[in-house]
>>> print(open('target.txt').read())   # compact mmCIF, C-alpha atoms
# COMPACT_ATOMS: atom_id res chain seq x y z
CA MET A 128 1.78 3.63 26.07
CA SER A 129 3.72 5.18 23.22
CA LYS A 130 6.95 7.06 23.72
CA ALA A 131 5.34 10.15 22.17
CA ARG A 132 2.62 10.12 24.83
CA LEU A 133 5.22 9.71 27.60
CA VAL A 134 7.32 12.60 26.31
CA ILE A 135 4.38 14.97 25.83
CA THR A 136 2.94 14.07 29.25
CA ALA A 137 6.30 14.62 30.94
CA VAL A 138 6.63 18.12 29.47
CA THR A 139 3.01 19.32 29.61
CA VAL A 140 1.63 17.67 32.75
CA GLU A 141 4.73 17.15 34.89
CA ARG A 142 6.26 20.48 33.73
CA ARG A 143 9.72 18.94 33.32
CA PRO A 144 12.31 20.75 31.17
CA VAL A 145 12.62 19.60 27.54
CA SER A 146 16.35 18.85 27.93
CA GLU A 147 15.72 16.59 30.93
CA VAL A 148 12.86 14.73 29.18
CA ALA A 149 14.99 14.24 26.06
CA ARG A 150 17.86 12.87 28.16
CA THR A 151 15.56 10.60 30.21
CA TYR A 152 13.84 9.00 27.19
CA GLY A 153 16.91 8.99 24.93
CA VAL A 154 15.45 11.19 22.20
CA ALA A 155 16.57 14.37 20.49
CA ARG A 156 15.38 17.71 21.87
CA SER A 157 14.27 18.68 18.36
CA TRP A 158 11.92 15.68 18.29
CA VAL A 159 10.42 16.71 21.65
CA TYR A 160 9.74 20.20 20.26
CA THR A 161 8.22 18.62 17.12
CA LEU A 162 5.92 16.49 19.28
CA LEU A 163 4.89 19.49 21.37
CA ALA A 164 4.07 21.53 18.26
CA ARG A 165 2.09 18.61 16.83
CA TYR A 166 0.22 18.19 20.14
CA ALA A 167 -0.64 21.90 20.21
CA ALA A 168 -1.96 21.74 16.64
CA GLU A 169 -3.70 18.34 16.61
CA GLY A 170 -4.36 17.37 20.21
CA GLU A 171 -4.69 13.62 20.89
CA ALA A 172 -3.90 12.74 17.25
CA ALA A 173 -0.26 13.65 17.94
CA PHE A 174 0.10 10.41 19.92
CA GLU A 175 -0.55 8.20 16.91
CA PRO A 176 2.53 6.96 15.01
CA ARG A 177 3.13 8.54 11.62
CA SER A 178 3.94 6.78 8.38
CA ARG A 179 7.47 7.28 7.07
CA ARG A 180 6.42 6.56 3.51
CA PRO A 181 7.25 9.36 1.08
CA LYS A 182 4.28 11.49 0.02
CA SER A 183 5.24 11.18 -3.65
CA SER A 184 7.46 9.07 -5.85
CA PRO A 185 8.86 11.34 -8.56
CA ARG A 186 10.43 8.47 -10.52
CA ALA A 187 7.23 6.40 -10.71
CA LEU A 188 5.71 5.82 -14.14
CA PRO A 189 2.84 8.11 -15.11
CA GLU A 190 -0.62 6.54 -14.82
CA ALA A 191 -1.09 6.85 -18.60
CA THR A 192 2.01 4.71 -19.21
CA VAL A 193 0.87 2.10 -16.69
CA ALA A 194 -2.54 1.97 -18.36
CA LEU A 195 -0.81 1.59 -21.75
CA ILE A 196 1.33 -1.30 -20.44
CA ILE A 197 -1.78 -3.11 -19.15
CA ALA A 198 -3.69 -2.42 -22.38
CA LEU A 199 -0.78 -3.73 -24.50
CA ARG A 200 -0.58 -6.86 -22.35
CA LYS A 201 -4.29 -7.57 -22.81
CA GLU A 202 -4.20 -6.76 -26.54
CA LEU A 203 -1.18 -8.96 -27.28
CA ALA A 204 -2.47 -11.84 -25.15
CA GLY A 205 -5.88 -11.55 -26.83
CA GLN A 206 -4.24 -11.93 -30.26
CA GLY A 207 -2.38 -15.02 -29.07
CA LEU A 208 1.00 -13.28 -29.30
CA ASP A 209 3.82 -13.16 -26.77
CA ALA A 210 2.82 -10.62 -24.11
CA GLY A 211 5.93 -10.70 -21.94
CA PRO A 212 7.82 -7.67 -20.61
CA GLN A 213 10.41 -7.73 -23.43
CA THR A 214 7.69 -7.64 -26.11
CA ILE A 215 5.75 -4.90 -24.33
CA ALA A 216 8.97 -2.86 -23.98
CA TRP A 217 9.58 -3.24 -27.73
CA HIS A 218 6.03 -2.11 -28.58
CA LEU A 219 6.28 0.86 -26.21
CA GLU A 220 9.58 1.98 -27.74
CA HIS A 221 8.74 1.46 -31.40
CA HIS A 222 5.04 2.39 -31.51
CA HIS A 223 4.68 4.89 -28.65
CA ARG A 224 8.23 6.32 -28.29
CA ILE A 225 8.33 5.44 -24.57
CA GLN A 226 11.32 3.65 -23.06
CA VAL A 227 10.58 1.49 -20.04
CA ALA A 228 12.81 -1.29 -18.69
CA PRO A 229 11.38 -4.82 -18.94
CA ALA A 230 11.93 -5.27 -15.19
CA THR A 231 9.75 -2.23 -14.52
CA ILE A 232 7.07 -3.56 -16.86
CA SER A 233 7.20 -6.90 -15.07
CA ARG A 234 6.72 -5.17 -11.69
CA TYR A 235 3.68 -3.25 -12.90
CA LEU A 236 2.15 -6.35 -14.52
CA THR A 237 2.58 -8.26 -11.26
CA ARG A 238 1.06 -5.38 -9.29
CA ALA A 239 -1.95 -5.39 -11.62
CA GLY A 240 -2.41 -9.13 -11.05
CA LEU A 241 -1.72 -10.04 -14.68
CA VAL A 242 1.30 -12.23 -13.87
CA VAL A 243 1.32 -15.19 -11.55
CA PRO A 244 4.84 -15.43 -10.08
CA GLU A 245 6.38 -18.85 -10.70
CA PRO A 246 9.92 -18.93 -9.37
CA SER A 247 12.27 -21.20 -11.29
CA LYS A 248 14.14 -22.23 -8.16
CA ARG A 249 12.76 -23.84 -5.04
CA PRO A 250 13.35 -21.80 -1.91
CA LYS A 251 16.02 -23.25 0.36
CA SER A 252 13.50 -23.38 3.20
CA SER A 253 11.59 -26.08 1.28
CA TYR A 254 14.50 -28.53 1.43
CA ILE A 255 14.29 -30.98 4.30
CA ARG A 256 17.69 -31.95 5.65
CA PHE A 257 17.67 -35.56 6.74
CA GLU A 258 19.93 -36.14 9.72
CA ALA A 259 19.89 -38.74 12.45
CA ASP A 260 19.34 -37.39 15.97
CA GLN A 261 21.65 -39.89 17.73
CA PRO A 262 25.03 -41.45 16.81
CA ASN A 263 24.70 -44.93 15.24
CA GLU A 264 20.98 -44.35 14.71
CA CYS A 265 21.29 -44.39 10.94
CA TRP A 266 24.13 -45.31 8.58
CA GLN A 267 24.59 -44.57 4.92
CA ALA A 268 26.33 -46.85 2.45
CA ASP A 269 28.03 -45.78 -0.77
CA PHE A 270 29.25 -48.26 -3.40
CA THR A 271 31.58 -46.99 -6.13
CA HIS A 272 32.83 -49.12 -9.05
CA TYR A 273 36.38 -48.21 -10.10
CA PRO A 274 38.48 -49.87 -12.85
CA LEU A 275 42.17 -50.48 -12.11
CA ALA A 276 44.94 -49.80 -14.67
CA ASP A 277 44.95 -53.43 -15.89
CA GLY A 278 41.16 -53.32 -16.44
CA THR A 279 40.22 -55.25 -13.28
CA GLY A 280 37.04 -53.91 -11.73
CA THR A 281 37.05 -53.01 -8.05
CA GLU A 282 34.40 -51.84 -5.69
CA ILE A 283 34.89 -49.21 -2.96
CA VAL A 284 32.41 -49.49 -0.09
CA THR A 285 31.97 -46.62 2.38
CA TRP A 286 29.85 -46.73 5.53
CA LEU A 287 28.97 -43.35 7.08
CA ASP A 288 27.35 -42.49 10.42
CA ASP A 289 24.57 -40.08 9.45
CA HIS A 290 24.62 -38.14 12.73
CA SER A 291 28.34 -37.33 12.98
CA ARG A 292 29.18 -37.72 9.25
CA TYR A 293 32.03 -39.96 10.45
CA ALA A 294 33.33 -42.59 7.96
CA LEU A 295 32.92 -45.86 9.87
CA SER A 296 34.50 -48.05 7.22
CA VAL A 297 36.07 -47.60 3.80
CA THR A 298 37.04 -50.84 2.06
CA ALA A 299 38.11 -51.63 -1.48
>>> encode(input="target.txt", output="structure tokens")
Amino acid sequence: MSKARLVITAVTVERRPVSEVARTYGVARSWVYTLLARYAAEGEAAFEPRSRRPKSSPRALPEATVALIIALRKELAGQGLDAGPQTIAWHLEHHHRIQVAPATISRYLTRAGLVVPEPSKRPKSSYIRFEADQPNECWQADFTHYPLADGTGTEIVTWLDDHSRYALSVTA
């Protein structure tokens, strides 16, 4: 049962005061009055949750500009030319006197399904960290060649417990 239904039921059916209902359910009195007004106007539809999305986006690009971006992309790609966001931004500015950021163009091209996102970096979740579950279950060896001052070659050998990352032995 939604909180809206509980609040409206408590006020309308149980005849409890709005202040007490607001205190009991931890909501603002103004919201209780809003729910009651919505219930009086719409009935059962008042119980359904409402979207918080804005009704309009005043800074969104006009549909004509979006259509022009998509048309330019198809035209440039059809001619075998570069049809990336930078090129489209240049064409929009120099041929149509419209300034749009390349990042915005990229977003609209992706939304239209004209760009397949190919991230250049692997997500960190794809890396598998190898680590032994128990001490002494797995060791790692590292061999490093190091020349001394007189030119004599030496070798440094390190043995590491993979579970605890403890250096078991370091010899030169």
>>> atom_distance(input="target.txt", atom1="CA of Leu163 in chain A", atom2="CA of Arg150 in chain A")
16.1 Å
>>> residues_around(input="target.txt", residues="range 196-201 of chain A", least_positions_apart="2", cutoff="12 Å", atoms="all atoms listed in the file", output="MDAnalysis selection string")
chainID A and resid 188:194 203:220 222:223 225:229 231:242
>>> write_last_selection(input="target.txt", atoms="C-alpha atoms", output="CSV table (one decimal), in the frame of the given file")
chain,number,residue,atom,x,y,z
A,188,LEU,CA,5.7,5.8,-14.1
A,189,PRO,CA,2.8,8.1,-15.1
A,190,GLU,CA,-0.6,6.5,-14.8
A,191,ALA,CA,-1.1,6.8,-18.6
A,192,THR,CA,2.0,4.7,-19.2
A,193,VAL,CA,0.9,2.1,-16.7
A,194,ALA,CA,-2.5,2.0,-18.4
A,203,LEU,CA,-1.2,-9.0,-27.3
A,204,ALA,CA,-2.5,-11.8,-25.2
A,205,GLY,CA,-5.9,-11.6,-26.8
A,206,GLN,CA,-4.2,-11.9,-30.3
A,207,GLY,CA,-2.4,-15.0,-29.1
A,208,LEU,CA,1.0,-13.3,-29.3
A,209,ASP,CA,3.8,-13.2,-26.8
A,210,ALA,CA,2.8,-10.6,-24.1
A,211,GLY,CA,5.9,-10.7,-21.9
A,212,PRO,CA,7.8,-7.7,-20.6
A,213,GLN,CA,10.4,-7.7,-23.4
A,214,THR,CA,7.7,-7.6,-26.1
A,215,ILE,CA,5.8,-4.9,-24.3
A,216,ALA,CA,9.0,-2.9,-24.0
A,217,TRP,CA,9.6,-3.2,-27.7
A,218,HIS,CA,6.0,-2.1,-28.6
A,219,LEU,CA,6.3,0.9,-26.2
A,220,GLU,CA,9.6,2.0,-27.7
A,222,HIS,CA,5.0,2.4,-31.5
A,223,HIS,CA,4.7,4.9,-28.6
A,225,ILE,CA,8.3,5.4,-24.6
A,226,GLN,CA,11.3,3.6,-23.1
A,227,VAL,CA,10.6,1.5,-20.0
A,228,ALA,CA,12.8,-1.3,-18.7
A,229,PRO,CA,11.4,-4.8,-18.9
A,231,THR,CA,9.8,-2.2,-14.5
A,232,ILE,CA,7.1,-3.6,-16.9
A,233,SER,CA,7.2,-6.9,-15.1
A,234,ARG,CA,6.7,-5.2,-11.7
A,235,TYR,CA,3.7,-3.2,-12.9
A,236,LEU,CA,2.2,-6.4,-14.5
A,237,THR,CA,2.6,-8.3,-11.3
A,238,ARG,CA,1.1,-5.4,-9.3
A,239,ALA,CA,-2.0,-5.4,-11.6
A,240,GLY,CA,-2.4,-9.1,-11.0
A,241,LEU,CA,-1.7,-10.0,-14.7
A,242,VAL,CA,1.3,-12.2,-13.9
>>> atom_distance(input="target.txt", atom1="CA of Arg249 in chain A", atom2="CA of Leu287 in chain A")
28.1 Å
>>> atom_distance(input="target.txt", atom1="CA of Ser183 in chain A", atom2="CA of Arg132 in chain A")
28.6 Å
>>> closest_atom_pairs(input="target.txt", of="range 153-211 of chain A", to="range 134-140 of chain A", cutoff="9 Å", atoms="all atoms listed in the file", output="CSV")
residue,atom,partner,partner_atom,distance
A:Val159,CA,A:Val134,CA,6.9
A:Leu162,CA,A:Ile135,CA,6.9
A:Leu163,CA,A:Ile135,CA,6.4
A:Tyr166,CA,A:Ile135,CA,7.7
A:Phe174,CA,A:Ile135,CA,8.6
>>> residues_around(input="target.txt", residues="Ala259 in chain A", least_positions_apart="2", cutoff="9 Å", atoms="all atoms listed in the file", output="list in words")
Phe257, Gln261, Pro262, Asn263, Glu264, Cys265, Trp266, Asp288, Asp289, His290 and Ser291 of chain A
>>> write_last_selection(input="target.txt", atoms="C-alpha atoms", output="CSV table (one decimal), in the coordinates of the input")
chain,number,residue,atom,x,y,z
A,257,PHE,CA,17.7,-35.6,6.7
A,261,GLN,CA,21.6,-39.9,17.7
A,262,PRO,CA,25.0,-41.4,16.8
A,263,ASN,CA,24.7,-44.9,15.2
A,264,GLU,CA,21.0,-44.4,14.7
A,265,CYS,CA,21.3,-44.4,10.9
A,266,TRP,CA,24.1,-45.3,8.6
A,288,ASP,CA,27.4,-42.5,10.4
A,289,ASP,CA,24.6,-40.1,9.4
A,290,HIS,CA,24.6,-38.1,12.7
A,291,SER,CA,28.3,-37.3,13.0
>>> axis_aligned_box(input="target.txt", around="range 278-295 of chain A", padding_each_side="6 Å", output="lines of an AutoDock Vina configuration file")
center_x = 32.9
center_y = -46.3
center_z = -1.7
size_x = 28.6
size_y = 29.9
size_z = 41.4
>>> decode(input="target.txt", residues="range 154-288 of chain A", atoms="C-alpha atoms", output="compact mmCIF listing (two decimals), in the first residue's frame")
# COMPACT_ATOMS: atom_id res chain seq x y z
CA VAL A 154 5.18 14.06 5.89
CA ALA A 155 4.48 17.76 5.50
CA ARG A 156 0.97 19.03 6.16
CA SER A 157 1.06 20.81 2.80
CA TRP A 158 1.60 17.47 1.06
CA VAL A 159 -1.40 15.98 2.89
CA TYR A 160 -3.57 18.87 1.68
CA THR A 161 -2.20 18.39 -1.85
CA LEU A 162 -3.12 14.69 -1.73
CA LEU A 163 -6.61 15.48 -0.44
CA ALA A 164 -7.20 18.02 -3.22
CA ARG A 165 -5.92 15.53 -5.80
CA TYR A 166 -8.18 12.80 -4.35
CA ALA A 167 -11.20 15.11 -4.50
CA ALA A 168 -10.47 15.98 -8.13
CA GLU A 169 -9.30 12.61 -9.52
CA GLY A 170 -10.55 9.93 -7.15
CA GLU A 171 -8.55 6.67 -7.15
CA ALA A 172 -5.98 8.05 -9.62
CA ALA A 173 -4.58 10.19 -6.78
CA PHE A 174 -3.02 7.04 -5.28
CA GLU A 175 -0.73 6.45 -8.25
CA PRO A 176 2.80 7.89 -8.00
CA ARG A 177 3.52 10.91 -10.17
CA SER A 178 6.52 11.47 -12.40
CA ARG A 179 8.94 14.16 -11.25
CA ARG A 180 10.21 14.74 -14.76
CA PRO A 181 9.88 18.34 -15.93
CA LYS A 182 7.04 18.96 -18.38
CA SER A 183 9.34 20.87 -20.73
CA SER A 184 13.04 21.38 -21.31
CA PRO A 185 13.53 24.99 -22.40
CA ARG A 186 17.22 24.51 -23.25
CA ALA A 187 16.65 21.50 -25.53
CA LEU A 188 17.48 21.89 -29.21
CA PRO A 189 14.56 22.64 -31.51
CA GLU A 190 13.30 19.66 -33.52
CA ALA A 191 14.35 21.38 -36.77
CA THR A 192 17.96 21.57 -35.55
CA VAL A 193 17.94 17.92 -34.48
CA ALA A 194 16.56 16.92 -37.88
CA LEU A 195 19.29 19.03 -39.54
CA ILE A 196 22.01 17.32 -37.46
CA ILE A 197 20.73 13.87 -38.49
CA ALA A 198 20.39 14.93 -42.14
CA LEU A 199 23.95 16.34 -42.16
CA ARG A 200 25.27 13.12 -40.62
CA LYS A 201 23.59 10.99 -43.29
CA GLU A 202 24.63 13.34 -46.11
CA LEU A 203 28.30 13.51 -45.06
CA ALA A 204 28.52 9.77 -44.42
CA GLY A 205 26.87 9.09 -47.79
CA GLN A 206 29.55 11.17 -49.53
CA GLY A 207 32.29 9.23 -47.74
CA LEU A 208 33.35 12.27 -45.71
CA ASP A 209 34.01 12.58 -41.99
CA ALA A 210 30.61 12.77 -40.28
CA GLY A 211 31.73 13.24 -36.68
CA PRO A 212 30.37 15.81 -34.22
CA GLN A 213 33.20 18.32 -34.88
CA THR A 214 32.52 18.28 -38.64
CA ILE A 215 28.77 18.57 -38.17
CA ALA A 216 29.30 21.49 -35.76
CA TRP A 217 31.46 23.22 -38.39
CA HIS A 218 28.83 22.72 -41.12
CA LEU A 219 26.06 23.97 -38.83
CA GLU A 220 28.02 27.11 -37.94
CA HIS A 221 29.33 27.98 -41.40
CA HIS A 222 26.43 26.92 -43.64
CA HIS A 223 23.39 27.31 -41.37
CA ARG A 224 24.53 29.94 -38.81
CA ILE A 225 23.65 27.63 -35.90
CA GLN A 226 26.09 27.07 -33.05
CA VAL A 227 25.82 23.72 -31.30
CA ALA A 228 28.50 22.12 -29.12
CA PRO A 229 30.04 18.91 -30.49
CA ALA A 230 29.16 17.13 -27.24
CA THR A 231 25.49 18.02 -27.76
CA ILE A 232 25.65 16.80 -31.35
CA SER A 233 27.21 13.56 -30.15
CA ARG A 234 24.38 13.08 -27.62
CA TYR A 235 21.69 13.58 -30.25
CA LEU A 236 23.44 11.26 -32.73
CA THR A 237 23.65 8.56 -30.05
CA ARG A 238 19.97 9.06 -29.17
CA ALA A 239 19.05 8.66 -32.84
CA GLY A 240 20.99 5.38 -33.00
CA LEU A 241 23.52 6.70 -35.53
CA VAL A 242 26.53 6.16 -33.25
CA VAL A 243 27.55 2.91 -31.66
CA PRO A 244 29.32 3.78 -28.38
CA GLU A 245 32.80 2.26 -28.24
CA PRO A 246 34.54 3.32 -25.05
CA SER A 247 38.30 3.65 -25.33
CA LYS A 248 38.88 2.36 -21.82
CA ARG A 249 37.80 -0.93 -20.33
CA PRO A 250 35.54 -0.55 -17.32
CA LYS A 251 37.25 -1.37 -14.03
CA SER A 252 34.59 -3.99 -13.34
CA SER A 253 35.96 -6.06 -16.25
CA TYR A 254 39.35 -6.52 -14.58
CA ILE A 255 39.66 -9.76 -12.65
CA ARG A 256 41.88 -9.45 -9.61
CA PHE A 257 43.82 -12.65 -9.07
CA GLU A 258 44.41 -13.33 -5.40
CA ALA A 259 44.98 -16.53 -3.49
CA ASP A 260 42.30 -17.40 -0.92
CA GLN A 261 44.69 -18.94 1.65
CA PRO A 262 48.22 -18.04 2.83
CA ASN A 263 50.95 -20.08 1.09
CA GLU A 264 48.45 -21.22 -1.54
CA CYS A 265 50.22 -19.37 -4.33
CA TRP A 266 53.58 -17.60 -4.56
CA GLN A 267 54.87 -15.16 -7.10
CA ALA A 268 58.49 -14.88 -8.20
CA ASP A 269 60.16 -11.79 -9.62
CA PHE A 270 63.64 -11.84 -11.17
CA THR A 271 65.39 -8.52 -11.81
CA HIS A 272 68.77 -8.17 -13.54
CA TYR A 273 70.84 -5.28 -12.15
CA PRO A 274 74.38 -4.24 -13.19
CA LEU A 275 76.80 -3.23 -10.42
CA ALA A 276 79.14 -0.22 -10.70
CA ASP A 277 82.05 -2.36 -11.98
CA GLY A 278 79.81 -3.87 -14.70
CA THR A 279 79.21 -7.20 -12.95
CA GLY A 280 75.69 -8.46 -13.53
CA THR A 281 73.60 -9.47 -10.54
CA GLU A 282 70.19 -10.96 -10.18
CA ILE A 283 67.64 -10.00 -7.49
CA VAL A 284 65.09 -12.73 -6.75
CA THR A 285 61.91 -11.93 -4.81
CA TRP A 286 59.36 -14.49 -3.62
CA LEU A 287 55.93 -13.10 -2.63
CA ASP A 288 52.98 -14.78 -0.90
